[in-house]
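First up is the structure itself, then whatever we jot down about it.
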Amino acid sequence: MKRKAICLFAAALLVALTAGCGSGKGNAGESQANQEEAGKAQGEDQEALEQADEGGEVTDLADDAAEAGTEENSQPENEGGETLLSGKHYVNINIKDKGTIKVELDADSAPITVTNFVNLVKEGFYDGLTFHRIIGGFMMQGGDPTGTGMGSSDKTITGEFANNGVDNPISHTRGTISMARSGQPDSASCQFFIMHQDGTYLDGDYAAFGHVTEGMEIVDDICENTTGQDRNGVVPEENRPVIESIEYVE
């Protein structure tokens, strides 16, 4: 019941913010008696993420995951002829005064999303940006170069989720990393969010592309202890966790 109440509160916080999508780096989440109410809350959370963002948890790392390496097999499917990644890839999200969140990215499930994210990481796009929207019991969102929820990189990508015609088996459970977007299905660009708690009702509408493998205690700390959010979950600039860097692990 407590978690449901948090999700309802999260929806109320997020739904008021309008969405946008810039171009260029400078523009930039019962009892049987309550099933009907829970369904409504889930729908509101989905709408909230769409309206709140840009152009809008722990799994064990299998012993053989490292052996999968970072193979960059060609999948000449992307528009423009860009070579897409495949297999597993790894990044470290280094947060100032907090520590490192280690993430496994699944390019077999979301090749367009992972390729775009890795390219931005390698460019240093995320270095110095923040987590600008944080809602305990729901998620923490960051990667906006403007810090307003309206920013983007210089491109948008195809939304890799079922309701956009793309099969993606990754579920929005605790520790999942996924792309934020506006109401348009192909509007994701650079903003991402990490699930604090399960929000599987987002499945099919957002492009999840990996999972936290180490550092969920940092996600817990940020989501539970960040203060000063407004009604939309936006954190005051002085309280925002800073992404010192995101490193691609070869």
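The chains in the structure tokens are called A, B, ... from first to last as shown; in each chain the residues are counted from 1, and the ligands are counted from 1 in the order shown.
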Can you tell me which residues surround stretch 101-104 of chain A at a distance of at most 9 Å, considering only C-alpha atoms, apart from same-chain residues fewer than 6 positions away, and format the answer as an mmCIF file with N, CA and C atoms, in the first residue's frame?
```
data_model
loop_
_atom_site.group_PDB
_atom_site.id
_atom_site.type_symbol
_atom_site.label_atom_id
_atom_site.label_comp_id
_atom_site.auth_asym_id
_atom_site.auth_seq_id
_atom_site.Cartn_x
_atom_site.Cartn_y
_atom_site.Cartn_z
ATOM 1 N N LEU A 61 25.265 -9.751 -11.794
ATOM 2 C CA LEU A 61 25.990 -9.885 -13.041
ATOM 3 C C LEU A 61 26.439 -11.317 -13.170
ATOM 4 N N LYS A 88 26.629 -7.288 -24.720
ATOM 5 C CA LYS A 88 26.610 -6.534 -23.467
ATOM 6 C C LYS A 88 27.713 -5.488 -23.457
ATOM 7 N N HIS A 89 27.389 -4.336 -22.875
ATOM 8 C CA HIS A 89 28.346 -3.239 -22.739
ATOM 9 C C HIS A 89 28.215 -2.691 -21.322
ATOM 10 N N TYR A 90 29.269 -2.030 -20.857
ATOM 11 C CA TYR A 90 29.311 -1.637 -19.453
ATOM 12 C C TYR A 90 29.751 -0.192 -19.308
ATOM 13 N N VAL A 91 29.071 0.529 -18.414
ATOM 14 C CA VAL A 91 29.446 1.906 -18.108
ATOM 15 C C VAL A 91 29.463 2.107 -16.600
ATOM 16 N N ASN A 92 30.286 3.052 -16.170
ATOM 17 C CA ASN A 92 30.331 3.473 -14.780
ATOM 18 C C ASN A 92 29.835 4.913 -14.700
ATOM 19 N N ILE A 93 28.772 5.130 -13.922
ATOM 20 C CA ILE A 93 28.245 6.476 -13.707
ATOM 21 C C ILE A 93 28.833 6.990 -12.399
ATOM 22 N N ASN A 94 29.744 7.947 -12.499
ATOM 23 C CA ASN A 94 30.441 8.479 -11.328
ATOM 24 C C ASN A 94 29.725 9.731 -10.835
ATOM 25 N N ILE A 95 29.196 9.669 -9.637
ATOM 26 C CA ILE A 95 28.400 10.760 -9.087
ATOM 27 C C ILE A 95 29.170 11.438 -7.957
ATOM 28 N N GLY A 175 16.278 -0.866 -10.548
ATOM 29 C CA GLY A 175 17.617 -0.857 -11.110
ATOM 30 C C GLY A 175 17.688 -0.787 -12.611
ATOM 31 N N THR A 176 16.551 -0.814 -13.305
ATOM 32 C CA THR A 176 16.552 -0.723 -14.762
ATOM 33 C C THR A 176 16.873 0.710 -15.195
ATOM 34 N N ILE A 177 17.671 0.826 -16.248
ATOM 35 C CA ILE A 177 17.925 2.129 -16.865
ATOM 36 C C ILE A 177 17.116 2.205 -18.144
ATOM 37 N N PHE A 209 17.048 -0.285 -21.409
ATOM 38 C CA PHE A 209 18.206 -0.769 -22.152
ATOM 39 C C PHE A 209 19.331 -1.318 -21.286
ATOM 40 N N GLY A 210 19.056 -1.579 -20.017
ATOM 41 C CA GLY A 210 20.082 -2.174 -19.166
ATOM 42 C C GLY A 210 19.676 -2.199 -17.707
ATOM 43 N N HIS A 211 20.635 -2.614 -16.863
ATOM 44 C CA HIS A 211 20.373 -2.747 -15.434
ATOM 45 C C HIS A 211 21.599 -2.343 -14.618
ATOM 46 N N VAL A 212 21.345 -1.792 -13.455
ATOM 47 C CA VAL A 212 22.414 -1.539 -12.486
ATOM 48 C C VAL A 212 22.926 -2.883 -11.973
ATOM 49 N N THR A 213 24.238 -3.039 -11.958
ATOM 50 C CA THR A 213 24.846 -4.258 -11.429
ATOM 51 C C THR A 213 25.527 -4.027 -10.086
ATOM 52 N N GLU A 214 25.989 -2.811 -9.856
ATOM 53 C CA GLU A 214 26.560 -2.419 -8.563
ATOM 54 C C GLU A 214 26.206 -0.962 -8.303
ATOM 55 N N GLY A 215 25.950 -0.651 -7.035
ATOM 56 C CA GLY A 215 25.702 0.730 -6.669
ATOM 57 C C GLY A 215 24.249 1.098 -6.442
ATOM 58 N N MET A 216 23.377 0.101 -6.261
ATOM 59 C CA MET A 216 21.981 0.444 -5.975
ATOM 60 C C MET A 216 21.831 1.171 -4.640
ATOM 61 N N GLU A 217 22.795 0.986 -3.743
ATOM 62 C CA GLU A 217 22.739 1.729 -2.485
ATOM 63 C C GLU A 217 22.879 3.230 -2.750
ATOM 64 N N ILE A 218 23.569 3.588 -3.833
ATOM 65 C CA ILE A 218 23.695 4.999 -4.201
ATOM 66 C C ILE A 218 22.372 5.514 -4.758
ATOM 67 N N VAL A 219 21.713 4.717 -5.577
ATOM 68 C CA VAL A 219 20.384 5.076 -6.081
ATOM 69 C C VAL A 219 19.429 5.254 -4.904
#
```
Determine, for each residue of stretch 194-231 of chain A having at least one atom at most 7 Å from an atom of stretch 133-138 of chain A, the closest pair of atoms and their separation in Å to one decimal, counting only C-alpha atoms; order by chain and ascending number, as CSV.
```
residue,atom,partner,partner_atom,distance
A:Met195,CA,A:Phe138,CA,6.1
A:His196,CA,A:Phe138,CA,5.2
A:Gln197,CA,A:Gly137,CA,5.4
A:Cys223,CA,A:Gly136,CA,4.5
A:Glu224,CA,A:Gly136,CA,5.4
```
Margin query: Just want the 10 Å neighbourhood of A:Pro111, counted on only C-alpha atoms, with same-chain residues fewer than 4 positions away dropped. Output as a ChimeraX atom specification.
Written below: /A:75,77-78,83-87,105-107,115-117,160,209
Next item on the list: Go through stretch 76-150 of chain A and collect every residue that DSSP, computed from the backbone, puts in alpha helix (DSSP H); the answer should be as a list in words.
Entry: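 Taking stretch 76-150 of chain A and keeping alpha helix (DSSP H) gives Pro111, Ile112, Thr113, Val114, Thr115, Asn116, Phe117, Val118, Asn119, Leu120, Val121, Lys122 and Glu123 of chain A.
The residue that comes closest to A:Ser182, out of A:Gly147, A:Gly159, A:Pro241, A:Gly128 and on the basis of only C-alpha atoms, is A:Gly159.
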Margin query: Just the number, please: distance in Å from atom CA of A:His132 to atom CA of A:Asp220, one decimal.
Written below: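 Here the two named atoms are 15.8 Å from each other.
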Margin query: For a quick check of understanding, using only C-alpha atoms, which of A:Ala208, A:Val118, A:Asp198, A:Gly165 has the smallest distance to A:Ser178?
Written below: A:Ala208
Next item on the list: Using only C-alpha atoms, determine which residues lie at most 10 Å from A:Thr227, disregarding the query and same-chain residues fewer than 4 positions distant; provide the list as a list in words.
Entry: Ile134, Ile135, Ile222, Cys223, Gly233, Val234, Val235, Pro236, Asn239 and Arg240 of chain A
Notebook entry, point to check: What does the distance from atom CA of A:Glu250 to atom CA of A:Thr158 come to in Å, to one decimal?
Noted result: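 Going from atom CA of A:Glu250 over to atom CA of A:Thr158, I get 25.7 Å.
Residues in contact with A:Ser189 at 8 Å, where only C-alpha atoms are counted and same-chain residues fewer than 4 positions away are skipped, are listed as Glu54, Gly55, Ser152, Ser153, Asp154, Lys155, Thr156, Ile157, Met179, Ala180 and Arg181 of chain A.
Our summary of the geometry notes that atom CA of A:Asp203 is positioned 17.6 Å from atom CA of A:Gln191.
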Margin query: Could you pull out the strand (DSSP E) residues of stretch 53-230 of chain A, going by DSSP on the backbone, and write them as a PyMOL selection string?
Written below: chain A and resi 88-95+99-106+131-135+139-142+176-179+192-195+208-214
Those residues you just picked out, can you put them in a file as a CSV table (one decimal), in the first residue's frame with N, CA and C atoms?
```csv
chain,number,residue,atom,x,y,z
A,88,LYS,N,26.6,-7.3,-24.7
A,88,LYS,CA,26.6,-6.5,-23.5
A,88,LYS,C,27.7,-5.5,-23.5
A,89,HIS,N,27.4,-4.3,-22.9
A,89,HIS,CA,28.3,-3.2,-22.7
A,89,HIS,C,28.2,-2.7,-21.3
A,90,TYR,N,29.3,-2.0,-20.9
A,90,TYR,CA,29.3,-1.6,-19.5
A,90,TYR,C,29.8,-0.2,-19.3
A,91,VAL,N,29.1,0.5,-18.4
A,91,VAL,CA,29.4,1.9,-18.1
A,91,VAL,C,29.5,2.1,-16.6
A,92,ASN,N,30.3,3.1,-16.2
A,92,ASN,CA,30.3,3.5,-14.8
A,92,ASN,C,29.8,4.9,-14.7
A,93,ILE,N,28.8,5.1,-13.9
A,93,ILE,CA,28.2,6.5,-13.7
A,93,ILE,C,28.8,7.0,-12.4
A,94,ASN,N,29.7,7.9,-12.5
A,94,ASN,CA,30.4,8.5,-11.3
A,94,ASN,C,29.7,9.7,-10.8
A,95,ILE,N,29.2,9.7,-9.6
A,95,ILE,CA,28.4,10.8,-9.1
A,95,ILE,C,29.2,11.4,-8.0
A,99,GLY,N,29.6,8.2,-5.3
A,99,GLY,CA,30.3,7.0,-5.7
A,99,GLY,C,29.9,6.6,-7.1
A,100,THR,N,30.1,5.3,-7.4
A,100,THR,CA,29.9,4.9,-8.8
A,100,THR,C,28.8,3.9,-8.9
A,101,ILE,N,27.9,4.1,-9.9
A,101,ILE,CA,26.8,3.2,-10.2
A,101,ILE,C,27.3,2.4,-11.5
A,102,LYS,N,27.4,1.1,-11.4
A,102,LYS,CA,27.9,0.3,-12.5
A,102,LYS,C,26.6,-0.2,-13.2
A,103,VAL,N,26.6,-0.1,-14.6
A,103,VAL,CA,25.5,-0.5,-15.3
A,103,VAL,C,25.9,-1.4,-16.5
A,104,GLU,N,25.1,-2.5,-16.7
A,104,GLU,CA,25.2,-3.3,-17.8
A,104,GLU,C,24.2,-2.9,-18.9
A,105,LEU,N,24.6,-2.7,-20.1
A,105,LEU,CA,23.7,-2.3,-21.2
A,105,LEU,C,23.5,-3.5,-22.1
A,106,ASP,N,22.3,-3.7,-22.5
A,106,ASP,CA,21.9,-4.8,-23.4
A,106,ASP,C,21.6,-4.4,-24.8
A,131,PHE,N,21.3,14.9,-12.1
A,131,PHE,CA,20.0,14.3,-12.0
A,131,PHE,C,19.1,15.4,-11.5
A,132,HIS,N,18.2,15.9,-12.4
A,132,HIS,CA,17.4,17.1,-12.1
A,132,HIS,C,16.0,16.7,-11.6
A,133,ARG,N,15.6,15.5,-11.8
A,133,ARG,CA,14.3,15.1,-11.3
A,133,ARG,C,14.4,13.8,-10.5
A,134,ILE,N,14.0,13.8,-9.2
A,134,ILE,CA,14.1,12.6,-8.4
A,134,ILE,C,12.9,12.4,-7.6
A,135,ILE,N,12.3,11.3,-7.7
A,135,ILE,CA,11.1,10.9,-6.9
A,135,ILE,C,11.3,9.6,-6.2
A,139,MET,N,11.8,6.9,-9.5
A,139,MET,CA,13.0,6.9,-10.3
A,139,MET,C,13.8,8.2,-10.1
A,140,MET,N,15.0,8.2,-10.7
A,140,MET,CA,15.8,9.4,-10.7
A,140,MET,C,16.2,9.6,-12.2
A,141,GLN,N,16.0,10.8,-12.6
A,141,GLN,CA,16.2,11.2,-14.1
A,141,GLN,C,17.3,12.2,-14.2
A,142,GLY,N,18.1,12.0,-15.3
A,142,GLY,CA,19.2,12.9,-15.5
A,142,GLY,C,19.6,12.9,-17.0
A,176,THR,N,16.6,-0.8,-13.3
A,176,THR,CA,16.6,-0.7,-14.8
A,176,THR,C,16.9,0.7,-15.2
A,177,ILE,N,17.7,0.8,-16.2
A,177,ILE,CA,17.9,2.1,-16.9
A,177,ILE,C,17.1,2.2,-18.1
A,178,SER,N,16.5,3.3,-18.4
A,178,SER,CA,15.6,3.5,-19.5
A,178,SER,C,15.6,4.9,-20.0
A,179,MET,N,15.1,5.1,-21.2
A,179,MET,CA,15.2,6.4,-21.8
A,179,MET,C,13.9,7.3,-21.6
A,192,PHE,N,17.9,10.1,-19.5
A,192,PHE,CA,17.6,8.7,-19.0
A,192,PHE,C,17.1,8.7,-17.6
A,193,PHE,N,16.6,7.6,-17.2
A,193,PHE,CA,16.2,7.4,-15.8
A,193,PHE,C,16.5,6.1,-15.3
A,194,ILE,N,16.7,6.0,-14.0
A,194,ILE,CA,17.0,4.7,-13.3
A,194,ILE,C,15.9,4.4,-12.3
A,195,MET,N,15.3,3.2,-12.4
A,195,MET,CA,14.2,2.9,-11.5
A,195,MET,C,14.7,2.7,-10.1
A,208,ALA,N,13.7,0.6,-22.2
A,208,ALA,CA,14.7,0.1,-21.2
A,208,ALA,C,15.8,-0.5,-21.9
A,209,PHE,N,17.0,-0.3,-21.4
A,209,PHE,CA,18.2,-0.8,-22.2
A,209,PHE,C,19.3,-1.3,-21.3
A,210,GLY,N,19.1,-1.6,-20.0
A,210,GLY,CA,20.1,-2.2,-19.2
A,210,GLY,C,19.7,-2.2,-17.7
A,211,HIS,N,20.6,-2.6,-16.9
A,211,HIS,CA,20.4,-2.7,-15.4
A,211,HIS,C,21.6,-2.3,-14.6
A,212,VAL,N,21.3,-1.8,-13.5
A,212,VAL,CA,22.4,-1.5,-12.5
A,212,VAL,C,22.9,-2.9,-12.0
A,213,THR,N,24.2,-3.0,-12.0
A,213,THR,CA,24.8,-4.3,-11.4
A,213,THR,C,25.5,-4.0,-10.1
A,214,GLU,N,26.0,-2.8,-9.9
A,214,GLU,CA,26.6,-2.4,-8.6
A,214,GLU,C,26.2,-1.0,-8.3
```
